[in-house]
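Accompanying notes for the structure given below.
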Amino acid sequence: MIRSLRPFLRSSYRPSARLFASPQFSISPVPVSRTYAASAQEDSHVEDLIKQSFSHVLNDRRASDRTVRKYLFENTGATYGLGKARLGLSFPEHGIHTYDYKWLREGCKCTRCVDPGTKQRNFNAAHIPSDIRPQAVEWDGQTLEILWENDIDGYDDHKTTYTADYLIKPSFRFPIATGPTRKRFLWRRESMNELQHWISFNDYMNDDARFTEAMKSLSVLGVIFVKDIPQSREMVEKIATRMGPLRNTFYGPTWDVRSIPDAKNVAYTAKPLDFHMDLMYMDNPPGFQLLHCLENSCQGGESLFADSFMAVSDMWYKYPDFAEQLQQLHLTYTYDHDNAMYTASWPVFQYHSAQRKSGERILANVNYSPPFQSHTTQTHWTMASRGPSQRRNPIEPLRVFADQLGREENIFKLKLDPGQCVIFENRRVVHSRRQFDNSTGKRWLAGAYVDSDALMSCFRQCARKHPEAWPEGYGPKVVQYIANKKAKLKEIMGSEQKGAGKNVEQIVNSSGE
């Protein structure tokens with residue numbers, strides 16, 4: 001390797017100014033020399049030449065991170081490099097990555113840093129010294145071991161170890177497929193008719209593998225159904241607590257949906273109930289809702305569901321200016337009665353700060369509940385009117401969004417029978433109910449809420465215990481559905497047509513548009 005460097009060193013290399021952009025990564029020449037072949041250390045003259053040559057690149061304040069790494073690893077064959085504040089690693093299959101020393105120290109999970117029993121930290125990250133750096137590094141492409149210099153007081157001879165998998169994707173701690181940015185399959189009535197997931201109460205409660213499959217469907221579709229439930233008011237709590245603790249509200253840990261006189265909530269009447277999401281007037285609305293049918297013998301009262309994330313996708317595709325407005329518009333929701341007073345404001349379309357690698361924004365929640373909407377603040381109204389929509393007021397975008405939700409091809413309808421329960425994601429799947437006639441029978445549902453945090457924990461535990469039932473993508477049933485629809489589309493459109501290569505969800509769920 002030293003022989004191959006000599007012609008390069010003799011060329012008196014001087015970096016071109018156009019290759020440099022920022023001083024993000026500066027490597028000190030002395031530690032770097034330890035990453036060379038042993039022969040470099042045996043020839044002090046050549047070693048000095050290497051150091052001098054590196055000084056042009058490694059200590060040039062204009063040198064960009066990319067340029068330094070390229071020079072260091074491609075021209076020396078090094079597997080790692082020590083900078084002033086960062087460690088550079090060459091991965092056999094993932095190229096070159098750099099890591100801040102303090103970040104590597106802060107994440108240490110050795111038994112000295114994290115108690116094996118409580119799994120809580122024994123150190124405060126605020127106490128990591130500003131001049132901490134590696135004293136020695138061992139890196140074989142699969143495992144990194146660092147012996148620290150200038151570590152926290154009391155951590156002499158302290159080593160930190162990482163695997164390559166963790167360093168490449170730290171989210172392996174909590175798989176992306178189980179978290180709030182997981183992929184969802186957006187559905188309409190046609191796809192939900194085919195993909196709806198039903199599980200028996202016995203399997204749900206006693207079969208971990210079947211329960212995991214149901215949770216995977218819930219994470220992807222936002223709604224599942226439980227059947228063959230014993231006729232008991234206590235069952236809704238059992239179903240809910242299989243996923244996580246009950247969310248207690250002023251309605252109680254569980255509650256009943258049936259017609260009562262002088263109701264303080266339209267849900268407790270026989271009137272029709274428009275599409276909505278529950279408890280939007282709270283700072284932390286519940287993540288998931290359960291409705292267990294105990295009686296439903298009256299005429300009417302069918303339950304309706306729609307995927308609001310699909311409606312948002314339609315809005316961006318057909319009415320991007322309106323979608324932009326609804327991302328800006330904060331609506332106010334209020335519950336104001338003698339027993340409780342709540343109020344909160346939410347953007348109609350709420351996005352995660354993180355993006356996918358493609359640059360695609362990730363929808364976090366839809367916040368939409370017209371029956372509980374209060375007067376929008378003048379500030380929010382004005383802000384939403386200042387956008388690409390030529391100062392149109394927000395009423396038109398809201399009307400168009402309501403129309404998208406209410407389109408017949410978007411609505412999945414069923415009348416729950418006694419012994420059946422629906423579980424759905426509250427801030428994704430809007431629900432409504434048709435009017436029913438109390439004189440023809442009875443309608444009684446028992447309800448409960450579980451927070452999103454509890455469901456994320458449940459998803460992660462399921463994925464860890466049954467990884468075969470929790471693939472990274474949509475899951476086998478949805479993947480097969482997509483493949484079947486794609487095959488039909490190719491027959492209709494021809495495999496050479498551009499349309500066959502469009503976004504799969506948009507085509508599969510387009511219902512002939």
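Ordering of the structure tokens sets the chain letters (A, B, ...), residue numbers begin anew at 1 in every chain, and ligands are numbered from 1 in the order given.
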
Residue neighbourhood Lys465 in chain A, 9 Å, only C-alpha atoms, exclusion window fewer than 5 positions, as a compact mmCIF listing (two decimals) with C-alpha atoms, in the first residue's frame:
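See result_37.txt below for the written result:
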```txt
# COMPACT_ATOMS: atom_id res chain seq x y z
CA ASP A 208 -49.91 -14.90 20.39
CA ALA A 209 -49.14 -15.61 16.73
CA THR A 212 -49.55 -10.56 16.23
CA ARG A 460 -42.83 -3.68 19.11
```

task: May I have the residues within 7 Å of range 141-149 of chain A as JSON, numbers by chain, using only C-alpha atoms and disregarding those fewer than 3 positions away in the same chain?
output: {"A": [91, 92, 132, 133, 134, 135, 136, 137, 138, 157, 158, 159, 160, 161, 162, 163, 164]}

Export, as a PDB file, in the first residue's frame, the selected residues with N, CA and C atoms.
```
ATOM      1  N   PHE A  91     -17.530   0.649   6.120  1.00  0.00           N
ATOM      2  CA  PHE A  91     -18.346  -0.561   6.243  1.00  0.00           C
ATOM      3  C   PHE A  91     -18.208  -1.392   4.967  1.00  0.00           C
ATOM      4  N   PRO A  92     -18.054  -2.710   5.091  1.00  0.00           N
ATOM      5  CA  PRO A  92     -17.879  -3.550   3.907  1.00  0.00           C
ATOM      6  C   PRO A  92     -19.003  -3.417   2.883  1.00  0.00           C
ATOM      7  N   ILE A 132     -13.574  14.574  25.214  1.00  0.00           N
ATOM      8  CA  ILE A 132     -13.518  13.117  25.151  1.00  0.00           C
ATOM      9  C   ILE A 132     -13.148  12.680  23.743  1.00  0.00           C
ATOM     10  N   ARG A 133     -12.349  11.604  23.655  1.00  0.00           N
ATOM     11  CA  ARG A 133     -11.961  11.074  22.348  1.00  0.00           C
ATOM     12  C   ARG A 133     -11.511   9.624  22.539  1.00  0.00           C
ATOM     13  N   PRO A 134     -11.436   8.858  21.474  1.00  0.00           N
ATOM     14  CA  PRO A 134     -10.974   7.478  21.607  1.00  0.00           C
ATOM     15  C   PRO A 134      -9.479   7.413  21.942  1.00  0.00           C
ATOM     16  N   GLN A 135      -9.136   6.547  22.878  1.00  0.00           N
ATOM     17  CA  GLN A 135      -7.734   6.243  23.149  1.00  0.00           C
ATOM     18  C   GLN A 135      -7.268   5.101  22.264  1.00  0.00           C
ATOM     19  N   ALA A 136      -8.182   4.159  22.014  1.00  0.00           N
ATOM     20  CA  ALA A 136      -7.892   3.036  21.125  1.00  0.00           C
ATOM     21  C   ALA A 136      -9.198   2.603  20.466  1.00  0.00           C
ATOM     22  N   VAL A 137      -9.093   2.120  19.221  1.00  0.00           N
ATOM     23  CA  VAL A 137     -10.262   1.692  18.455  1.00  0.00           C
ATOM     24  C   VAL A 137      -9.999   0.322  17.850  1.00  0.00           C
ATOM     25  N   GLU A 138     -10.975  -0.574  17.963  1.00  0.00           N
ATOM     26  CA  GLU A 138     -10.943  -1.870  17.282  1.00  0.00           C
ATOM     27  C   GLU A 138     -12.170  -1.945  16.393  1.00  0.00           C
ATOM     28  N   ASP A 157     -10.692   3.327  32.121  1.00  0.00           N
ATOM     29  CA  ASP A 157     -10.610   2.070  31.343  1.00  0.00           C
ATOM     30  C   ASP A 157     -11.995   1.616  30.880  1.00  0.00           C
ATOM     31  N   HIS A 158     -12.775   2.554  30.431  1.00  0.00           N
ATOM     32  CA  HIS A 158     -14.147   2.262  30.006  1.00  0.00           C
ATOM     33  C   HIS A 158     -14.213   2.030  28.499  1.00  0.00           C
ATOM     34  N   LYS A 159     -14.879   0.950  28.103  1.00  0.00           N
ATOM     35  CA  LYS A 159     -15.020   0.609  26.687  1.00  0.00           C
ATOM     36  C   LYS A 159     -16.487   0.647  26.271  1.00  0.00           C
ATOM     37  N   THR A 160     -16.724   1.101  25.061  1.00  0.00           N
ATOM     38  CA  THR A 160     -18.057   1.113  24.455  1.00  0.00           C
ATOM     39  C   THR A 160     -18.037   0.222  23.225  1.00  0.00           C
ATOM     40  N   THR A 161     -19.076  -0.581  23.055  1.00  0.00           N
ATOM     41  CA  THR A 161     -19.145  -1.517  21.933  1.00  0.00           C
ATOM     42  C   THR A 161     -20.429  -1.299  21.148  1.00  0.00           C
ATOM     43  N   TYR A 162     -20.298  -1.330  19.816  1.00  0.00           N
ATOM     44  CA  TYR A 162     -21.451  -1.242  18.916  1.00  0.00           C
ATOM     45  C   TYR A 162     -21.335  -2.304  17.835  1.00  0.00           C
ATOM     46  N   THR A 163     -22.491  -2.756  17.353  1.00  0.00           N
ATOM     47  CA  THR A 163     -22.501  -3.623  16.180  1.00  0.00           C
ATOM     48  C   THR A 163     -22.673  -2.764  14.927  1.00  0.00           C
ATOM     49  N   ALA A 164     -22.260  -3.318  13.792  1.00  0.00           N
ATOM     50  CA  ALA A 164     -22.408  -2.589  12.524  1.00  0.00           C
ATOM     51  C   ALA A 164     -23.875  -2.324  12.217  1.00  0.00           C
TER      52      ALA A 164
END
```

query: For Leu405 in chain A, which of A:Ala463, A:Leu329, A:Met315, A:Ala487 is the closest residue, counting only C-alpha atoms?
result: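 Among the listed residues, the smallest separation from Leu405 in chain A belongs to A:Met315.
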
Nearest candidate to Pro286 in chain A (options A:Glu425, A:Asp165, A:Asp100, A:Asp151; using only C-alpha atoms):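 The answer is A:Glu425, which sits nearest to Pro286 in chain A.
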
query: Pick from A:Leu89, A:Ile423, A:Ile411, A:Leu294: nearest to Glu190 in chain A, with only C-alpha atoms counted?
result: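 For Glu190 in chain A, the nearest of the given residues is A:Ile411.
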
query: What is the distance, in Å and to one decimal place, between CA of Thr440 in chain A and CA of Glu302 in chain A?
result: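 Atom-to-atom, CA of Thr440 in chain A and CA of Glu302 in chain A are spaced 14.3 Å apart.
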
message: DSSP on the backbone: which residues in range 387-475 of chain A end up as alpha helix (DSSP H)? Give the answer as number ranges by chain.
response: A: 395-406, 452-465

field: Nearest candidate to Met243 in chain A (options A:Gly287, A:Gln325, A:Tyr101, A:Arg407; using only C-alpha atoms)
entry: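 Residue with the minimum atom-to-atom distance to Met243 in chain A: A:Gly287.
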
message: Taking the DSSP secondary structure from the backbone, can you list the residues of range 186-421 of chain A that are strand (DSSP E), as a PyMOL selection string?
response: chain A and resi 198-200+223-227+254-257+273-276+288-296+299-300+303-307+330-337+340-347+349-355+361-366+411-414+421

Neighbour list for Lys102 in chain A as an mmCIF file with C-alpha atoms, in the first residue's frame, cut-off 8 Å, only C-alpha atoms, skip fewer than 2 positions in-chain:
```cif
data_model
loop_
_atom_site.group_PDB
_atom_site.id
_atom_site.type_symbol
_atom_site.label_atom_id
_atom_site.label_comp_id
_atom_site.auth_asym_id
_atom_site.auth_seq_id
_atom_site.Cartn_x
_atom_site.Cartn_y
_atom_site.Cartn_z
ATOM 1 C CA ASP A 100 -19.551 12.190 16.679
ATOM 2 C CA LEU A 104 -20.955 7.337 20.551
ATOM 3 C CA ARG A 105 -20.199 7.809 24.258
ATOM 4 C CA GLU A 106 -23.739 8.952 25.083
ATOM 5 C CA ILE A 128 -19.611 13.836 29.129
ATOM 6 C CA SER A 130 -16.079 18.203 25.839
ATOM 7 C CA ILE A 132 -13.518 13.117 25.151
#
```

- request: May I ask for the distance between CA of Phe185 in chain A and CA of Met215 in chain A, given in Å to one decimal place?
  value: 14.0 Å
